Amino acid sequence: MRKPLVFLLIGAFRFLSIQGQALTFANVKPIFEGKCASCHRPGDAAPFPLNSYADVRKRLSFIREVVDRGYMPPWKADPHYRDFANTRSLSPAEKSLLLQWIDAGGPEGEKITAGEKPSAKQSLYQFTAYSRKPDLTLKLDSAYTVTGDNVEKFVDFKIPFAFDTEQNVEAVEFFTNNKKIIHHINYGFYEGTDSLKKKLVYYTGWIPGASVESYPKGFGWRLPRRGVMTLTAHYTASATDEQSIVGVNLFFRKDTIRRPIEIISLGSGGIAESDISPPLFVPPNKVSTFHLKVRTKDEQSLLYVWPHMHLLGKEYYAYAVTPDNDTIPLVHIPDWDFRWQELYKFKKLIRIPKGSVINMDCIYDNTTNNPANPNNPPRGVFSFGDMSANNEMMTLLMIYVPYREGDEKFSLEDQSH
């Protein structure tokens with residue numbers, strides 16, 4: 001009966017001794033590397049890097065303000081509705097440690113010598129936000145010039161590929177030299193190069209804020225020996241000419257793929273778009289709610305969900321209702337922000353029984369109270385055509401595998417990157 005008390009006292013002593021030490025950058029560096037640097041690195045979406053002490057030191061007061069308010073790191077999903085494996089949110093302990101260090105003046109501690117190499121994580125961020133370097137980067141050979149005429153552009157690119165053998169894909173990551181000018185990008189992989197005979201193998205995409213799409217051991221999809229990757233890039237309106245190189249980092253695996261990945265798109269631009277109720281027209285000077293219900297034909301095990309709206313988006317709910325009338329929470333975004341979207345990875349595979357109804361309840365704010373509203377005064381906004389930023393969308397993409405017995409216990413957390 002005394003052992004638990006002894007262990008408790010030892011743990012308390014260790015905690016007190018750690019608390020008694022002076023905090024240095026070494027104590028908080030893992031937080032910056034794990035929660036910040038994937039975006040705050042050269043060439044990525046954030047406006048400045050946070051890869052070194054010098055980067056952090058000159059922005060201490062700003063970092064303190066945005067961390068204390070919970071504005072950074074950005075994570076829009078409601079953790080009380082559904083928590084995810086790839087969350088960027090700071091834990092209470094991480095937030096407390098970071099604020100303590102900043103309040104102490106942000107001391108550097110022991111300086112890194114001139115000949116010392118950067119950490120493995122820092123070195124990796126030069127190439128990818130994944131856990132290792134890509135096996136292949138399929139990208140444009142030369143930059144495309146996005147002309148500065150203040151007009152949005154949709155541009156299609158085709159990049160052929162050829163290998164000696166078929167490749168098993170473990171992860172895929174959007175690559176570009178200039179994310180700030182991209183509204184979103186869709187890309188697909190096709191077997192064969194003949195436009196009339198090529199066969200779609202897999203498609204996915206990137207939206208602002210999204211992380212790497214990766215799969216656990218035994219899961220993935222197969223890239224054929226010969227084919228073509230097509231990319232449709234939606235460029236934002238720009239007042240100056242910009243250079244853009246787009247492509248994809250591919251990560252291959254040697255183990256056999258036993259669970260082929262599938263993806264489905266519901267709502268705008270996908271299945272049951274015409275069933276959105278009422279039809280997706282957002283009237284001016286109103287806050288409006290729209291719904292969509294789609295019945296599943298097969299039993300599924302979900303890895304990811306990817307909600308999507310545009311600039312009038314205010315709140316997003318997605319959930320499944322089973323034939324037994326049980327509700328399965330999928331994702332809730334209480335304060336939609338187009339700048340920070342995500343491919344949300346579940347902590348465990350989520351079983352969706354056959355015959356379940358996927359529900360989407362989405363709220364749009366087309367008033368002057370919405371600071372992201374692209375129109376002043378507000379005007380009616382449709383969902384049609386090329387899906388430009390001035391139009392709207394109400395979409396849910398789900399990445400899944402066919403269900404197998406016991407999938408509910410399959411953890412994805414140790415596979416999160």
# chains A, B, ... in the order shown; residues from 1 in each chain; ligands from 1
>>> select_by_dssp(residues="range 119-304 of chain A", states="helix (DSSP H, G or I)", output="list in words")
Ala120, Lys121, Gln122, Ser123, Leu124, Lys179, Lys180, Ile181, Glu273, Ser274 and Asp275 of chain A
>>> select_by_dssp(residues="range 124-321 of chain A", states="strand (DSSP E)", output="ChimeraX atom specification")
/A:136-139,144-146,153-162,167-176,182-191,199-206,213-214,219-223,226-235,242-244,246-253,259-260,262-267,286-295,300-308,313-321
>>> closest_atom_pairs(of="range 182-290 of chain A", to="range 86-99 of chain A", cutoff="12 Å", atoms="only C-alpha atoms", output="Markdown table")
| residue | atom | partner | partner_atom | distance |
| --- | --- | --- | --- | --- |
| A:Gly209 | CA | A:Arg88 | CA | 10.6 |
| A:Ala210 | CA | A:Asn86 | CA | 10.2 |
| A:Ser211 | CA | A:Asn86 | CA | 8.2 |
| A:Val212 | CA | A:Asn86 | CA | 9.5 |
| A:Glu213 | CA | A:Asn86 | CA | 10.4 |
| A:Ser214 | CA | A:Asn86 | CA | 10.7 |
>>> write_last_selection(atoms="N, CA and C atoms", output="mmCIF file, in the first residue's frame")
data_model
loop_
_atom_site.group_PDB
_atom_site.id
_atom_site.type_symbol
_atom_site.label_atom_id
_atom_site.label_comp_id
_atom_site.auth_asym_id
_atom_site.auth_seq_id
_atom_site.Cartn_x
_atom_site.Cartn_y
_atom_site.Cartn_z
ATOM 1 N N GLY A 209 -4.227 25.921 -45.074
ATOM 2 C CA GLY A 209 -4.130 25.388 -43.725
ATOM 3 C C GLY A 209 -4.015 23.885 -43.637
ATOM 4 N N ALA A 210 -4.266 23.167 -44.746
ATOM 5 C CA ALA A 210 -4.321 21.709 -44.691
ATOM 6 C C ALA A 210 -2.938 21.096 -44.507
ATOM 7 N N SER A 211 -2.906 19.964 -43.787
ATOM 8 C CA SER A 211 -1.663 19.260 -43.531
ATOM 9 C C SER A 211 -1.509 18.089 -44.496
ATOM 10 N N VAL A 212 -0.502 17.261 -44.242
ATOM 11 C CA VAL A 212 -0.187 16.140 -45.131
ATOM 12 C C VAL A 212 -1.265 15.061 -45.038
ATOM 13 N N GLU A 213 -1.618 14.474 -46.180
ATOM 14 C CA GLU A 213 -2.538 13.340 -46.214
ATOM 15 C C GLU A 213 -1.714 12.056 -46.153
ATOM 16 N N SER A 214 -1.809 11.334 -45.035
ATOM 17 C CA SER A 214 -0.993 10.130 -44.852
ATOM 18 C C SER A 214 -1.871 8.985 -44.375
#
>>> residues_around(residues="Arg295 in chain A", least_positions_apart="3", cutoff="6 Å", atoms="only C-alpha atoms", output="ChimeraX atom specification")
/A:355-357
>>> atom_distance(atom1="CA of Ile350 in chain A", atom2="CA of Ala129 in chain A")
25.1 Å
>>> atom_distance(atom1="CA of Ile333 in chain A", atom2="CA of Asp78 in chain A")
6.0 Å
>>> atom_distance(atom1="CA of Thr256 in chain A", atom2="CA of Ile185 in chain A")
29.2 Å
>>> closest_atom_pairs(of="range 179-294 of chain A", to="range 159-171 of chain A", cutoff="9 Å", atoms="only C-alpha atoms", output="Markdown table")
| residue | atom | partner | partner_atom | distance |
| --- | --- | --- | --- | --- |
| A:Thr193 | CA | A:Pro160 | CA | 7.4 |
| A:Val212 | CA | A:Ala171 | CA | 7.1 |
| A:Glu213 | CA | A:Ala171 | CA | 5.6 |
| A:Ser214 | CA | A:Ala171 | CA | 4.0 |
| A:Tyr215 | CA | A:Glu170 | CA | 5.6 |
| A:Pro216 | CA | A:Glu170 | CA | 7.5 |
| A:Lys217 | CA | A:Glu170 | CA | 7.9 |
| A:Gly218 | CA | A:Glu170 | CA | 8.8 |
| A:Phe219 | CA | A:Glu170 | CA | 7.3 |
| A:Gly220 | CA | A:Val169 | CA | 5.5 |
| A:Trp221 | CA | A:Val169 | CA | 5.4 |
| A:Arg222 | CA | A:Asn168 | CA | 4.7 |
| A:Leu223 | CA | A:Gln167 | CA | 5.0 |
| A:Pro224 | CA | A:Glu166 | CA | 4.8 |
| A:Arg225 | CA | A:Glu166 | CA | 4.7 |
| A:Arg226 | CA | A:Ala162 | CA | 4.4 |
| A:Gly227 | CA | A:Phe161 | CA | 5.6 |
| A:Val228 | CA | A:Pro160 | CA | 4.0 |
| A:Met229 | CA | A:Ile159 | CA | 5.1 |
| A:Thr230 | CA | A:Ile159 | CA | 6.4 |
| A:Leu231 | CA | A:Ile159 | CA | 8.3 |
| A:Gly247 | CA | A:Ile159 | CA | 8.6 |
| A:Asn249 | CA | A:Ala171 | CA | 8.3 |
| A:Leu250 | CA | A:Ala171 | CA | 6.2 |
| A:Phe251 | CA | A:Ala171 | CA | 5.1 |
| A:Phe252 | CA | A:Val169 | CA | 4.6 |
| A:Arg253 | CA | A:Glu170 | CA | 5.5 |
| A:Lys254 | CA | A:Asn168 | CA | 7.0 |
| A:Asp255 | CA | A:Asn168 | CA | 8.0 |
| A:Thr256 | CA | A:Asn168 | CA | 7.5 |
| A:Ile257 | CA | A:Asn168 | CA | 6.9 |
>>> write_last_selection(atoms="C-alpha atoms", output="PDB file, in the first residue's frame")
ATOM      1  CA  THR A 193      -1.618   9.142 -70.954  1.00  0.00           C
ATOM      2  CA  VAL A 212      -0.187  16.140 -45.131  1.00  0.00           C
ATOM      3  CA  GLU A 213      -2.538  13.340 -46.214  1.00  0.00           C
ATOM      4  CA  SER A 214      -0.993  10.130 -44.852  1.00  0.00           C
ATOM      5  CA  TYR A 215      -2.145   6.561 -44.251  1.00  0.00           C
ATOM      6  CA  PRO A 216      -1.265   3.875 -41.669  1.00  0.00           C
ATOM      7  CA  LYS A 217       0.647   0.709 -42.453  1.00  0.00           C
ATOM      8  CA  GLY A 218      -1.226  -1.485 -44.904  1.00  0.00           C
ATOM      9  CA  PHE A 219      -3.375   1.428 -46.143  1.00  0.00           C
ATOM     10  CA  GLY A 220      -2.838   3.595 -49.224  1.00  0.00           C
ATOM     11  CA  TRP A 221      -3.280   3.597 -52.972  1.00  0.00           C
ATOM     12  CA  ARG A 222      -1.255   2.385 -55.931  1.00  0.00           C
ATOM     13  CA  LEU A 223       0.428   4.702 -58.401  1.00  0.00           C
ATOM     14  CA  PRO A 224       0.628   2.984 -61.803  1.00  0.00           C
ATOM     15  CA  ARG A 225       3.870   2.509 -63.767  1.00  0.00           C
ATOM     16  CA  ARG A 226       2.891   5.063 -66.398  1.00  0.00           C
ATOM     17  CA  GLY A 227       0.400   7.856 -66.302  1.00  0.00           C
ATOM     18  CA  VAL A 228      -0.259  11.528 -65.814  1.00  0.00           C
ATOM     19  CA  MET A 229      -1.011  13.781 -62.881  1.00  0.00           C
ATOM     20  CA  THR A 230      -3.451  16.606 -63.581  1.00  0.00           C
ATOM     21  CA  LEU A 231      -3.647  19.689 -61.393  1.00  0.00           C
ATOM     22  CA  GLY A 247       3.356  19.849 -57.768  1.00  0.00           C
ATOM     23  CA  ASN A 249       5.425  15.313 -52.838  1.00  0.00           C
ATOM     24  CA  LEU A 250       4.922  11.556 -52.932  1.00  0.00           C
ATOM     25  CA  PHE A 251       5.983   9.138 -50.203  1.00  0.00           C
ATOM     26  CA  PHE A 252       6.145   5.459 -51.120  1.00  0.00           C
ATOM     27  CA  ARG A 253       5.929   2.409 -48.873  1.00  0.00           C
ATOM     28  CA  LYS A 254       7.428  -1.050 -49.296  1.00  0.00           C
ATOM     29  CA  ASP A 255       4.756  -2.951 -47.380  1.00  0.00           C
ATOM     30  CA  THR A 256       1.744  -4.319 -49.229  1.00  0.00           C
ATOM     31  CA  ILE A 257      -1.415  -2.219 -49.448  1.00  0.00           C
TER      32      ILE A 257
END
>>> residues_around(residues="Ala54 in chain A", least_positions_apart="5", cutoff="10 Å", atoms="only C-alpha atoms", output="JSON, numbers by chain")
{"A": [49, 59, 108]}
>>> decode(residues="range 332-359 of chain A", atoms="N, CA and C atoms", output="PDB file, in the first residue's frame")
ATOM      1  N   HIS A 332     -17.287  19.791 -36.312  1.00  0.00           N
ATOM      2  CA  HIS A 332     -18.010  21.031 -36.070  1.00  0.00           C
ATOM      3  C   HIS A 332     -16.994  22.167 -36.108  1.00  0.00           C
ATOM      4  N   ILE A 333     -17.227  23.126 -37.005  1.00  0.00           N
ATOM      5  CA  ILE A 333     -16.407  24.339 -37.087  1.00  0.00           C
ATOM      6  C   ILE A 333     -17.289  25.488 -36.622  1.00  0.00           C
ATOM      7  N   PRO A 334     -17.166  25.927 -35.363  1.00  0.00           N
ATOM      8  CA  PRO A 334     -18.088  26.952 -34.847  1.00  0.00           C
ATOM      9  C   PRO A 334     -17.828  28.337 -35.408  1.00  0.00           C
ATOM     10  N   ASP A 335     -16.618  28.612 -35.837  1.00  0.00           N
ATOM     11  CA  ASP A 335     -16.263  29.944 -36.346  1.00  0.00           C
ATOM     12  C   ASP A 335     -15.442  29.753 -37.608  1.00  0.00           C
ATOM     13  N   TRP A 336     -16.135  29.579 -38.727  1.00  0.00           N
ATOM     14  CA  TRP A 336     -15.467  29.251 -39.998  1.00  0.00           C
ATOM     15  C   TRP A 336     -14.502  30.356 -40.410  1.00  0.00           C
ATOM     16  N   ASP A 337     -13.323  29.935 -40.865  1.00  0.00           N
ATOM     17  CA  ASP A 337     -12.317  30.874 -41.373  1.00  0.00           C
ATOM     18  C   ASP A 337     -11.686  30.230 -42.591  1.00  0.00           C
ATOM     19  N   PHE A 338     -11.939  30.822 -43.764  1.00  0.00           N
ATOM     20  CA  PHE A 338     -11.449  30.230 -45.006  1.00  0.00           C
ATOM     21  C   PHE A 338      -9.938  30.078 -45.001  1.00  0.00           C
ATOM     22  N   ARG A 339      -9.232  30.949 -44.289  1.00  0.00           N
ATOM     23  CA  ARG A 339      -7.765  30.920 -44.294  1.00  0.00           C
ATOM     24  C   ARG A 339      -7.215  29.695 -43.584  1.00  0.00           C
ATOM     25  N   TRP A 340      -8.015  29.084 -42.721  1.00  0.00           N
ATOM     26  CA  TRP A 340      -7.532  27.965 -41.923  1.00  0.00           C
ATOM     27  C   TRP A 340      -8.514  26.804 -42.011  1.00  0.00           C
ATOM     28  N   GLN A 341      -8.323  26.011 -43.063  1.00  0.00           N
ATOM     29  CA  GLN A 341      -9.107  24.809 -43.251  1.00  0.00           C
ATOM     30  C   GLN A 341      -8.210  23.611 -42.926  1.00  0.00           C
ATOM     31  N   GLU A 342      -8.750  22.430 -43.024  1.00  0.00           N
ATOM     32  CA  GLU A 342      -7.937  21.274 -42.655  1.00  0.00           C
ATOM     33  C   GLU A 342      -8.538  19.990 -43.183  1.00  0.00           C
ATOM     34  N   LEU A 343      -7.675  19.018 -43.385  1.00  0.00           N
ATOM     35  CA  LEU A 343      -8.042  17.644 -43.653  1.00  0.00           C
ATOM     36  C   LEU A 343      -7.988  16.958 -42.289  1.00  0.00           C
ATOM     37  N   TYR A 344      -9.146  16.834 -41.634  1.00  0.00           N
ATOM     38  CA  TYR A 344      -9.195  16.412 -40.240  1.00  0.00           C
ATOM     39  C   TYR A 344      -9.067  14.893 -40.119  1.00  0.00           C
ATOM     40  N   LYS A 345      -8.053  14.453 -39.358  1.00  0.00           N
ATOM     41  CA  LYS A 345      -7.742  13.035 -39.212  1.00  0.00           C
ATOM     42  C   LYS A 345      -8.284  12.517 -37.882  1.00  0.00           C
ATOM     43  N   PHE A 346      -9.104  11.487 -37.942  1.00  0.00           N
ATOM     44  CA  PHE A 346      -9.697  10.935 -36.732  1.00  0.00           C
ATOM     45  C   PHE A 346      -8.639  10.241 -35.877  1.00  0.00           C
ATOM     46  N   LYS A 347      -8.909  10.149 -34.580  1.00  0.00           N
ATOM     47  CA  LYS A 347      -7.989   9.446 -33.688  1.00  0.00           C
ATOM     48  C   LYS A 347      -8.070   7.935 -33.893  1.00  0.00           C
ATOM     49  N   LYS A 348      -9.263   7.449 -34.214  1.00  0.00           N
ATOM     50  CA  LYS A 348      -9.475   6.052 -34.567  1.00  0.00           C
ATOM     51  C   LYS A 348     -10.351   6.006 -35.810  1.00  0.00           C
ATOM     52  N   LEU A 349     -10.308   4.900 -36.519  1.00  0.00           N
ATOM     53  CA  LEU A 349     -11.229   4.739 -37.636  1.00  0.00           C
ATOM     54  C   LEU A 349     -12.664   4.878 -37.132  1.00  0.00           C
ATOM     55  N   ILE A 350     -13.475   5.612 -37.885  1.00  0.00           N
ATOM     56  CA  ILE A 350     -14.868   5.850 -37.512  1.00  0.00           C
ATOM     57  C   ILE A 350     -15.767   4.998 -38.394  1.00  0.00           C
ATOM     58  N   ARG A 351     -16.492   4.067 -37.766  1.00  0.00           N
ATOM     59  CA  ARG A 351     -17.382   3.191 -38.523  1.00  0.00           C
ATOM     60  C   ARG A 351     -18.677   3.918 -38.850  1.00  0.00           C
ATOM     61  N   ILE A 352     -19.038   3.906 -40.131  1.00  0.00           N
ATOM     62  CA  ILE A 352     -20.313   4.442 -40.600  1.00  0.00           C
ATOM     63  C   ILE A 352     -21.122   3.271 -41.146  1.00  0.00           C
ATOM     64  N   PRO A 353     -22.145   2.806 -40.412  1.00  0.00           N
ATOM     65  CA  PRO A 353     -22.913   1.647 -40.872  1.00  0.00           C
ATOM     66  C   PRO A 353     -23.611   1.915 -42.211  1.00  0.00           C
ATOM     67  N   LYS A 354     -23.807   0.871 -42.969  1.00  0.00           N
ATOM     68  CA  LYS A 354     -24.544   0.962 -44.227  1.00  0.00           C
ATOM     69  C   LYS A 354     -25.946   1.500 -43.964  1.00  0.00           C
ATOM     70  N   GLY A 355     -26.391   2.411 -44.812  1.00  0.00           N
ATOM     71  CA  GLY A 355     -27.715   2.999 -44.650  1.00  0.00           C
ATOM     72  C   GLY A 355     -27.748   4.208 -43.735  1.00  0.00           C
ATOM     73  N   SER A 356     -26.595   4.591 -43.174  1.00  0.00           N
ATOM     74  CA  SER A 356     -26.543   5.808 -42.358  1.00  0.00           C
ATOM     75  C   SER A 356     -26.752   7.029 -43.241  1.00  0.00           C
ATOM     76  N   VAL A 357     -27.193   8.120 -42.625  1.00  0.00           N
ATOM     77  CA  VAL A 357     -27.402   9.368 -43.352  1.00  0.00           C
ATOM     78  C   VAL A 357     -26.348  10.378 -42.904  1.00  0.00           C
ATOM     79  N   ILE A 358     -25.538  10.838 -43.854  1.00  0.00           N
ATOM     80  CA  ILE A 358     -24.565  11.891 -43.581  1.00  0.00           C
ATOM     81  C   ILE A 358     -25.297  13.223 -43.644  1.00  0.00           C
ATOM     82  N   ASN A 359     -25.223  13.990 -42.561  1.00  0.00           N
ATOM     83  CA  ASN A 359     -25.895  15.284 -42.481  1.00  0.00           C
ATOM     84  C   ASN A 359     -24.869  16.415 -42.511  1.00  0.00           C
TER      85      ASN A 359
END
